[in-house]
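**Student:** Below you'll find the structure I mean.
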Amino acid sequence: MSQKLELISFKLCPFVQRAVIVLKHKNIDFDITYIDLNDQPDWFKAISPLGQVPVLKVGDEVLFESSVIQEYVDEITPPSIQPEDPLVKAKNRAWINFGSDIIFAMHGLVMAKDQAAADEKTAVITQKLAQLEAQHSGGTYFNGDDFNMIDAAYAPMLMRLCFIKTLTGTDLLADCPKLANWTEVLLEMPAVQRSVVENLMMMYKGMVKHMDGVLATKLIA
Ligand SMILES: N[C@@H](CCC(=O)N[C@@H](CS)C(=O)NCC(=O)O)C(=O)O
């Protein structure tokens, strides 16, 4: 790789974490620059088409969208962690997008200001997790024995489900044994553990408190 990569990040962002996991898993040397999303610097506004992280700077070029960044990083550092079978790869891509919807629903749960809204978001999350459970191979990883892109893409969401369980006692994976096992495997991986700042769970708790919604009233830890 000729030029050093620079990833623009926000410490709490699960989408950035997807890219970091691939970078760490592949032992790629990269710079990471943290910004405050609530006070975006002008240089970031100038390069980020959607005003969102992650953004990956490759020399003078800019990439955005976590799945695109994951795939680019994977392609320039063979061997690939994508499944070889095009059909499995295509299906995984679709289920990675599905995972983004779960992340957005979880954000909705954190923001929910009344019990009805919180219940509605919880129902969306548990319904989607049940759909995902049905797709999981039941093996070590999503597709079976090999760690693939989809595993890197889901680890941030599963990590935050663990935060919610530890901080509030609510186990959203209670009816999803395959996903619960998968979570344990992924959270043990060095690339996943090294993909976040120290004390992310406490930062997550701070965010829940700051949002001051129903979830904040459920904090026990
Ligand atoms: N589809 C995007 C979603 C990225 C995203 O939503 N990032 C959030 C932070 S976790 C963000 O930058 N939000 C700022 C905003 O939307 O103004 C991706 O996969 O990269």
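In the structure tokens, chains take the letters A, B, ... in the order shown, each chain's residues start at 1, and ligands count up from 1 in the order shown.
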When DSSP is applied to the backbone of this structure, which of region 43-196 of chain A are assigned strand (DSSP E or B)? Write them out as a PDB file with all heavy atoms, in the first residue's frame.

**Tutor:**
ATOM      1  N   VAL A  55     -15.172   8.505   7.494  1.00  0.00           N
ATOM      2  CA  VAL A  55     -14.599   8.936   6.220  1.00  0.00           C
ATOM      3  C   VAL A  55     -13.184   8.385   6.206  1.00  0.00           C
ATOM      4  O   VAL A  55     -12.491   8.430   7.223  1.00  0.00           O
ATOM      5  CB  VAL A  55     -14.590  10.490   6.122  1.00  0.00           C
ATOM      6  CG1 VAL A  55     -13.606  10.955   5.075  1.00  0.00           C
ATOM      7  CG2 VAL A  55     -15.980  11.019   5.824  1.00  0.00           C
ATOM      8  N   LEU A  56     -12.777   7.837   5.080  1.00  0.00           N
ATOM      9  CA  LEU A  56     -11.409   7.345   4.948  1.00  0.00           C
ATOM     10  C   LEU A  56     -10.687   8.209   3.924  1.00  0.00           C
ATOM     11  O   LEU A  56     -11.144   8.329   2.782  1.00  0.00           O
ATOM     12  CB  LEU A  56     -11.377   5.879   4.492  1.00  0.00           C
ATOM     13  CG  LEU A  56      -9.987   5.252   4.450  1.00  0.00           C
ATOM     14  CD1 LEU A  56      -9.454   5.000   5.866  1.00  0.00           C
ATOM     15  CD2 LEU A  56      -9.981   3.939   3.652  1.00  0.00           C
ATOM     16  N   LYS A  57      -9.568   8.812   4.372  1.00  0.00           N
ATOM     17  CA  LYS A  57      -8.761   9.598   3.441  1.00  0.00           C
ATOM     18  C   LYS A  57      -7.665   8.699   2.878  1.00  0.00           C
ATOM     19  O   LYS A  57      -6.914   8.073   3.623  1.00  0.00           O
ATOM     20  CB  LYS A  57      -8.154  10.801   4.151  1.00  0.00           C
ATOM     21  CG  LYS A  57      -9.178  11.900   4.422  1.00  0.00           C
ATOM     22  CD  LYS A  57      -8.622  13.012   5.274  1.00  0.00           C
ATOM     23  CE  LYS A  57      -7.721  13.942   4.510  1.00  0.00           C
ATOM     24  NZ  LYS A  57      -7.239  15.047   5.391  1.00  0.00           N
ATOM     25  N   VAL A  58      -7.609   8.634   1.562  1.00  0.00           N
ATOM     26  CA  VAL A  58      -6.592   7.853   0.856  1.00  0.00           C
ATOM     27  C   VAL A  58      -5.841   8.853  -0.001  1.00  0.00           C
ATOM     28  O   VAL A  58      -6.270   9.177  -1.111  1.00  0.00           O
ATOM     29  CB  VAL A  58      -7.237   6.765  -0.031  1.00  0.00           C
ATOM     30  CG1 VAL A  58      -6.174   5.844  -0.609  1.00  0.00           C
ATOM     31  CG2 VAL A  58      -8.299   5.980   0.718  1.00  0.00           C
ATOM     32  N   GLU A  61      -7.830  11.469  -1.980  1.00  0.00           N
ATOM     33  CA  GLU A  61      -9.168  10.934  -2.230  1.00  0.00           C
ATOM     34  C   GLU A  61      -9.906  10.680  -0.909  1.00  0.00           C
ATOM     35  O   GLU A  61      -9.284  10.469   0.132  1.00  0.00           O
ATOM     36  CB  GLU A  61      -9.075   9.600  -2.994  1.00  0.00           C
ATOM     37  CG  GLU A  61      -8.380   9.684  -4.327  1.00  0.00           C
ATOM     38  CD  GLU A  61      -9.224  10.381  -5.389  1.00  0.00           C
ATOM     39  OE1 GLU A  61     -10.432  10.584  -5.148  1.00  0.00           O
ATOM     40  OE2 GLU A  61      -8.670  10.732  -6.438  1.00  0.00           O
ATOM     41  N   VAL A  62     -11.228  10.667  -1.001  1.00  0.00           N
ATOM     42  CA  VAL A  62     -12.050  10.466   0.195  1.00  0.00           C
ATOM     43  C   VAL A  62     -13.087   9.380  -0.070  1.00  0.00           C
ATOM     44  O   VAL A  62     -13.751   9.390  -1.106  1.00  0.00           O
ATOM     45  CB  VAL A  62     -12.773  11.798   0.545  1.00  0.00           C
ATOM     46  CG1 VAL A  62     -13.929  11.540   1.490  1.00  0.00           C
ATOM     47  CG2 VAL A  62     -11.804  12.786   1.172  1.00  0.00           C
ATOM     48  N   LEU A  63     -13.177   8.430   0.870  1.00  0.00           N
ATOM     49  CA  LEU A  63     -14.224   7.409   0.789  1.00  0.00           C
ATOM     50  C   LEU A  63     -15.183   7.606   1.951  1.00  0.00           C
ATOM     51  O   LEU A  63     -14.756   7.981   3.044  1.00  0.00           O
ATOM     52  CB  LEU A  63     -13.624   6.005   0.886  1.00  0.00           C
ATOM     53  CG  LEU A  63     -12.755   5.524  -0.274  1.00  0.00           C
ATOM     54  CD1 LEU A  63     -12.214   4.134   0.026  1.00  0.00           C
ATOM     55  CD2 LEU A  63     -13.557   5.517  -1.566  1.00  0.00           C
ATOM     56  N   PHE A  64     -16.461   7.340   1.723  1.00  0.00           N
ATOM     57  CA  PHE A  64     -17.434   7.377   2.812  1.00  0.00           C
ATOM     58  C   PHE A  64     -18.334   6.159   2.708  1.00  0.00           C
ATOM     59  O   PHE A  64     -18.260   5.416   1.735  1.00  0.00           O
ATOM     60  CB  PHE A  64     -18.236   8.692   2.809  1.00  0.00           C
ATOM     61  CG  PHE A  64     -19.061   8.933   1.572  1.00  0.00           C
ATOM     62  CD1 PHE A  64     -20.439   8.793   1.600  1.00  0.00           C
ATOM     63  CD2 PHE A  64     -18.463   9.316   0.378  1.00  0.00           C
ATOM     64  CE1 PHE A  64     -21.213   9.025   0.458  1.00  0.00           C
ATOM     65  CE2 PHE A  64     -19.218   9.546  -0.762  1.00  0.00           C
ATOM     66  CZ  PHE A  64     -20.595   9.403  -0.717  1.00  0.00           C
TER      67      PHE A  64
END

**Student:** So that I can see what lies close to Ala94 (chain A), please list as a ChimeraX atom specification the residues with an atom at most 12 Å from it, counting only C-alpha atoms and leaving out residues fewer than 3 positions away in the same chain.

**Tutor:** /A:67,87-91,97-101,132,135,149-150,153

**Student:** Using C-alpha atoms, can you write the selected residues to a file as an mmCIF file, in the first residue's frame?

**Tutor:**
data_model
loop_
_atom_site.group_PDB
_atom_site.id
_atom_site.type_symbol
_atom_site.label_atom_id
_atom_site.label_comp_id
_atom_site.auth_asym_id
_atom_site.auth_seq_id
_atom_site.Cartn_x
_atom_site.Cartn_y
_atom_site.Cartn_z
ATOM 1 C CA SER A 67 -19.399 -0.900 4.047
ATOM 2 C CA LEU A 87 -24.005 -15.525 -3.870
ATOM 3 C CA VAL A 88 -22.912 -15.809 -0.226
ATOM 4 C CA LYS A 89 -21.006 -12.528 -0.583
ATOM 5 C CA ALA A 90 -24.057 -10.777 -2.049
ATOM 6 C CA LYS A 91 -26.318 -12.164 0.672
ATOM 7 C CA ASN A 97 -27.235 -3.388 5.455
ATOM 8 C CA PHE A 98 -29.868 -5.043 7.610
ATOM 9 C CA GLY A 99 -27.479 -4.686 10.564
ATOM 10 C CA SER A 100 -27.330 -0.943 9.953
ATOM 11 C CA ASP A 101 -31.091 -0.800 10.483
ATOM 12 C CA LEU A 132 -30.857 -12.474 11.911
ATOM 13 C CA GLN A 135 -29.866 -16.565 9.004
ATOM 14 C CA MET A 149 -16.601 -9.183 6.533
ATOM 15 C CA ILE A 150 -20.084 -9.671 7.939
ATOM 16 C CA ALA A 153 -19.722 -5.480 10.418
#

**Student:** From the list A:Val110, A:Leu186, A:Ile47, A:Leu5, which residue is nearest His25 (chain A) when using only C-alpha atoms?

**Tutor:**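 Ranking A:Val110, A:Leu186, A:Ile47, A:Leu5 by distance to His25 (chain A), first place goes to A:Leu186.
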
**Student:** Which chains and residue numbers are within 7 Å of ligand 1, counting only C-alpha atoms and all ligand atoms, if I want them as a ChimeraX atom specification?

**Tutor:** /A:10,12-16,37,51-54,64-67,100

**Student:** With N, CA, C and O atoms retained, write the just-selected residues as a PDB file, in the first residue's frame.

**Tutor:**
ATOM      1  N   PHE A  10     -15.619   9.197  15.141  1.00  0.00           N
ATOM      2  CA  PHE A  10     -16.271   9.729  16.338  1.00  0.00           C
ATOM      3  C   PHE A  10     -16.251   8.550  17.307  1.00  0.00           C
ATOM      4  O   PHE A  10     -16.634   7.435  16.920  1.00  0.00           O
ATOM      5  N   LEU A  12     -17.796   7.131  19.630  1.00  0.00           N
ATOM      6  CA  LEU A  12     -18.921   6.237  19.934  1.00  0.00           C
ATOM      7  C   LEU A  12     -19.527   5.574  18.694  1.00  0.00           C
ATOM      8  O   LEU A  12     -20.451   4.768  18.824  1.00  0.00           O
ATOM      9  N   CYS A  13     -19.007   5.887  17.529  1.00  0.00           N
ATOM     10  CA  CYS A  13     -19.716   5.477  16.305  1.00  0.00           C
ATOM     11  C   CYS A  13     -19.500   4.001  15.949  1.00  0.00           C
ATOM     12  O   CYS A  13     -18.378   3.567  15.682  1.00  0.00           O
ATOM     13  N   PRO A  14     -20.583   3.224  15.894  1.00  0.00           N
ATOM     14  CA  PRO A  14     -20.454   1.808  15.533  1.00  0.00           C
ATOM     15  C   PRO A  14     -20.075   1.597  14.070  1.00  0.00           C
ATOM     16  O   PRO A  14     -19.491   0.573  13.724  1.00  0.00           O
ATOM     17  N   PHE A  15     -20.402   2.575  13.215  1.00  0.00           N
ATOM     18  CA  PHE A  15     -20.079   2.420  11.791  1.00  0.00           C
ATOM     19  C   PHE A  15     -18.571   2.582  11.579  1.00  0.00           C
ATOM     20  O   PHE A  15     -17.972   1.840  10.802  1.00  0.00           O
ATOM     21  N   VAL A  16     -17.974   3.536  12.268  1.00  0.00           N
ATOM     22  CA  VAL A  16     -16.513   3.667  12.188  1.00  0.00           C
ATOM     23  C   VAL A  16     -15.864   2.389  12.692  1.00  0.00           C
ATOM     24  O   VAL A  16     -14.908   1.881  12.105  1.00  0.00           O
ATOM     25  N   LEU A  37     -18.881  15.195  16.550  1.00  0.00           N
ATOM     26  CA  LEU A  37     -19.933  15.277  15.524  1.00  0.00           C
ATOM     27  C   LEU A  37     -20.886  16.448  15.773  1.00  0.00           C
ATOM     28  O   LEU A  37     -21.541  16.924  14.851  1.00  0.00           O
ATOM     29  N   GLY A  51     -21.768  14.592   5.815  1.00  0.00           N
ATOM     30  CA  GLY A  51     -21.540  15.113   7.170  1.00  0.00           C
ATOM     31  C   GLY A  51     -21.512  13.991   8.193  1.00  0.00           C
ATOM     32  O   GLY A  51     -21.866  14.172   9.358  1.00  0.00           O
ATOM     33  N   GLN A  52     -21.121  12.800   7.729  1.00  0.00           N
ATOM     34  CA  GLN A  52     -21.121  11.624   8.609  1.00  0.00           C
ATOM     35  C   GLN A  52     -19.734  10.986   8.650  1.00  0.00           C
ATOM     36  O   GLN A  52     -18.982  11.061   7.682  1.00  0.00           O
ATOM     37  N   VAL A  53     -19.453  10.312   9.781  1.00  0.00           N
ATOM     38  CA  VAL A  53     -18.308   9.420   9.855  1.00  0.00           C
ATOM     39  C   VAL A  53     -18.835   8.002   9.675  1.00  0.00           C
ATOM     40  O   VAL A  53     -20.016   7.742   9.959  1.00  0.00           O
ATOM     41  N   PRO A  54     -18.010   7.046   9.219  1.00  0.00           N
ATOM     42  CA  PRO A  54     -16.598   7.194   8.901  1.00  0.00           C
ATOM     43  C   PRO A  54     -16.348   7.839   7.542  1.00  0.00           C
ATOM     44  O   PRO A  54     -17.147   7.701   6.619  1.00  0.00           O
ATOM     45  N   PHE A  64     -16.461   7.340   1.723  1.00  0.00           N
ATOM     46  CA  PHE A  64     -17.434   7.377   2.812  1.00  0.00           C
ATOM     47  C   PHE A  64     -18.334   6.159   2.708  1.00  0.00           C
ATOM     48  O   PHE A  64     -18.260   5.416   1.735  1.00  0.00           O
ATOM     49  N   GLU A  65     -19.138   5.914   3.746  1.00  0.00           N
ATOM     50  CA  GLU A  65     -19.992   4.721   3.915  1.00  0.00           C
ATOM     51  C   GLU A  65     -19.133   3.557   4.439  1.00  0.00           C
ATOM     52  O   GLU A  65     -18.224   3.074   3.753  1.00  0.00           O
ATOM     53  N   SER A  66     -19.499   3.095   5.642  1.00  0.00           N
ATOM     54  CA  SER A  66     -18.681   2.078   6.312  1.00  0.00           C
ATOM     55  C   SER A  66     -18.492   0.814   5.468  1.00  0.00           C
ATOM     56  O   SER A  66     -17.385   0.262   5.402  1.00  0.00           O
ATOM     57  N   SER A  67     -19.542   0.361   4.785  1.00  0.00           N
ATOM     58  CA  SER A  67     -19.399  -0.900   4.047  1.00  0.00           C
ATOM     59  C   SER A  67     -18.453  -0.731   2.860  1.00  0.00           C
ATOM     60  O   SER A  67     -17.692  -1.645   2.520  1.00  0.00           O
ATOM     61  N   SER A 100     -27.309  -2.400   9.771  1.00  0.00           N
ATOM     62  CA  SER A 100     -27.330  -0.943   9.953  1.00  0.00           C
ATOM     63  C   SER A 100     -28.697  -0.508  10.479  1.00  0.00           C
ATOM     64  O   SER A 100     -28.795   0.382  11.334  1.00  0.00           O
TER      65      SER A 100
END

**Student:** I'd like the contact shell of Ala152 (chain A) - 12 Å cut-off, only C-alpha atoms, skipping same-chain residues fewer than 5 positions apart - returned as number ranges by chain.

**Tutor:** A: 14-26, 66-67, 70-71, 74, 81-82, 92-93, 96, 99, 141-142, 146-147, 157-159, 182-183, 185-187, 189-193, 195

**Student:** Check region 92-212 of chain A with DSSP on the backbone and list each residue it calls alpha helix (DSSP H), as a VMD selection string.

**Tutor:** chain A and resid 92 to 111 115 to 135 149 to 168 177 to 188 190 to 193 200 to 211

**Student:** Dump C-alpha atoms for the selected residues as a short mmCIF file (atom, residue, chain, number, x, y, z; two decimals), in the first residue's frame?

**Tutor:**
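Now in selection_6.cif:
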data_model
loop_
_atom_site.label_atom_id
_atom_site.label_comp_id
_atom_site.auth_asym_id
_atom_site.auth_seq_id
_atom_site.Cartn_x
_atom_site.Cartn_y
_atom_site.Cartn_z
CA ASN A 92 -23.85 -11.05 3.33
CA ARG A 93 -23.84 -7.54 1.87
CA ALA A 94 -27.61 -7.41 2.19
CA TRP A 95 -27.49 -8.65 5.79
CA ILE A 96 -24.79 -6.08 6.62
CA ASN A 97 -27.23 -3.39 5.46
CA PHE A 98 -29.87 -5.04 7.61
CA GLY A 99 -27.48 -4.69 10.56
CA SER A 100 -27.33 -0.94 9.95
CA ASP A 101 -31.09 -0.80 10.48
CA ILE A 102 -30.65 -2.55 13.84
CA ILE A 103 -28.03 0.05 14.82
CA PHE A 104 -30.45 2.85 13.91
CA ALA A 105 -33.27 1.17 15.88
CA MET A 106 -30.94 0.88 18.89
CA HIS A 107 -30.22 4.59 18.62
CA GLY A 108 -33.98 5.13 18.53
CA LEU A 109 -34.30 3.12 21.74
CA VAL A 110 -31.66 5.25 23.46
CA MET A 111 -33.53 8.39 22.32
CA GLN A 115 -42.42 3.92 27.43
CA ALA A 116 -44.58 3.45 24.31
CA ALA A 117 -41.77 4.68 22.06
CA ALA A 118 -39.23 2.54 23.92
CA ASP A 119 -41.47 -0.54 23.59
CA GLU A 120 -41.92 0.10 19.89
CA LYS A 121 -38.15 0.36 19.30
CA THR A 122 -37.52 -2.73 21.44
CA ALA A 123 -40.05 -4.68 19.36
CA VAL A 124 -38.33 -3.59 16.13
CA ILE A 125 -34.92 -4.63 17.49
CA THR A 126 -36.05 -8.03 18.80
CA GLN A 127 -37.94 -8.77 15.57
CA LYS A 128 -34.85 -7.99 13.49
CA LEU A 129 -32.59 -9.98 15.81
CA ALA A 130 -34.93 -12.98 15.41
CA GLN A 131 -34.65 -12.64 11.62
CA LEU A 132 -30.86 -12.47 11.91
CA GLU A 133 -30.80 -15.49 14.24
CA ALA A 134 -32.58 -17.50 11.53
CA GLN A 135 -29.87 -16.56 9.00
CA MET A 149 -16.60 -9.18 6.53
CA ILE A 150 -20.08 -9.67 7.94
CA ASP A 151 -18.59 -10.63 11.32
CA ALA A 152 -16.58 -7.39 11.38
CA ALA A 153 -19.72 -5.48 10.42
CA TYR A 154 -21.90 -6.92 13.19
CA ALA A 155 -19.42 -6.85 16.09
CA PRO A 156 -20.06 -3.15 16.96
CA MET A 157 -23.82 -3.68 17.20
CA LEU A 158 -23.40 -6.85 19.28
CA MET A 159 -20.94 -5.03 21.56
CA ARG A 160 -23.56 -2.34 22.22
CA LEU A 161 -26.20 -4.98 22.99
CA CYS A 162 -23.78 -6.22 25.66
CA PHE A 163 -23.45 -2.68 27.01
CA ILE A 164 -27.25 -2.45 27.29
CA LYS A 165 -27.37 -5.81 29.08
CA THR A 166 -24.64 -4.83 31.57
CA LEU A 167 -25.94 -1.31 32.13
CA THR A 168 -29.69 -1.98 32.31
CA PRO A 177 -28.72 -18.39 21.29
CA LYS A 178 -26.75 -18.40 18.04
CA LEU A 179 -26.29 -14.64 18.15
CA ALA A 180 -25.36 -14.81 21.85
CA ASN A 181 -22.59 -17.35 21.11
CA TRP A 182 -21.44 -15.30 18.13
CA THR A 183 -21.23 -12.22 20.37
CA GLU A 184 -19.02 -14.05 22.85
CA VAL A 185 -16.68 -15.21 20.09
CA LEU A 186 -16.43 -11.80 18.45
CA LEU A 187 -15.91 -9.81 21.65
CA GLU A 188 -12.97 -12.08 22.52
CA PRO A 190 -8.17 -8.90 19.63
CA ALA A 191 -9.16 -6.96 16.49
CA VAL A 192 -12.57 -6.27 18.04
CA GLN A 193 -11.22 -5.44 21.50
CA LEU A 200 -16.31 2.85 25.64
CA MET A 201 -19.02 1.32 27.82
CA MET A 202 -18.80 4.23 30.23
CA MET A 203 -18.94 6.66 27.30
CA TYR A 204 -22.00 4.79 26.04
CA LYS A 205 -23.57 5.09 29.48
CA GLY A 206 -22.80 8.82 29.45
CA MET A 207 -24.56 9.10 26.09
CA VAL A 208 -27.61 7.21 27.41
CA LYS A 209 -27.74 9.56 30.42
CA HIS A 210 -27.31 12.60 28.21
CA MET A 211 -30.23 11.52 25.98
#

**Student:** For CA of Pro86 (chain A) and CA of Ser137 (chain A), quote the distance in Å rounded to one decimal.

**Tutor:** 17.2 Å

**Student:** What does the structure give for the distance between CA of Glu84 (chain A) and CA of Gly144 (chain A), in Å to one decimal?

**Tutor:**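 Taking CA of Glu84 (chain A) and CA of Gly144 (chain A), their separation equals 13.1 Å.
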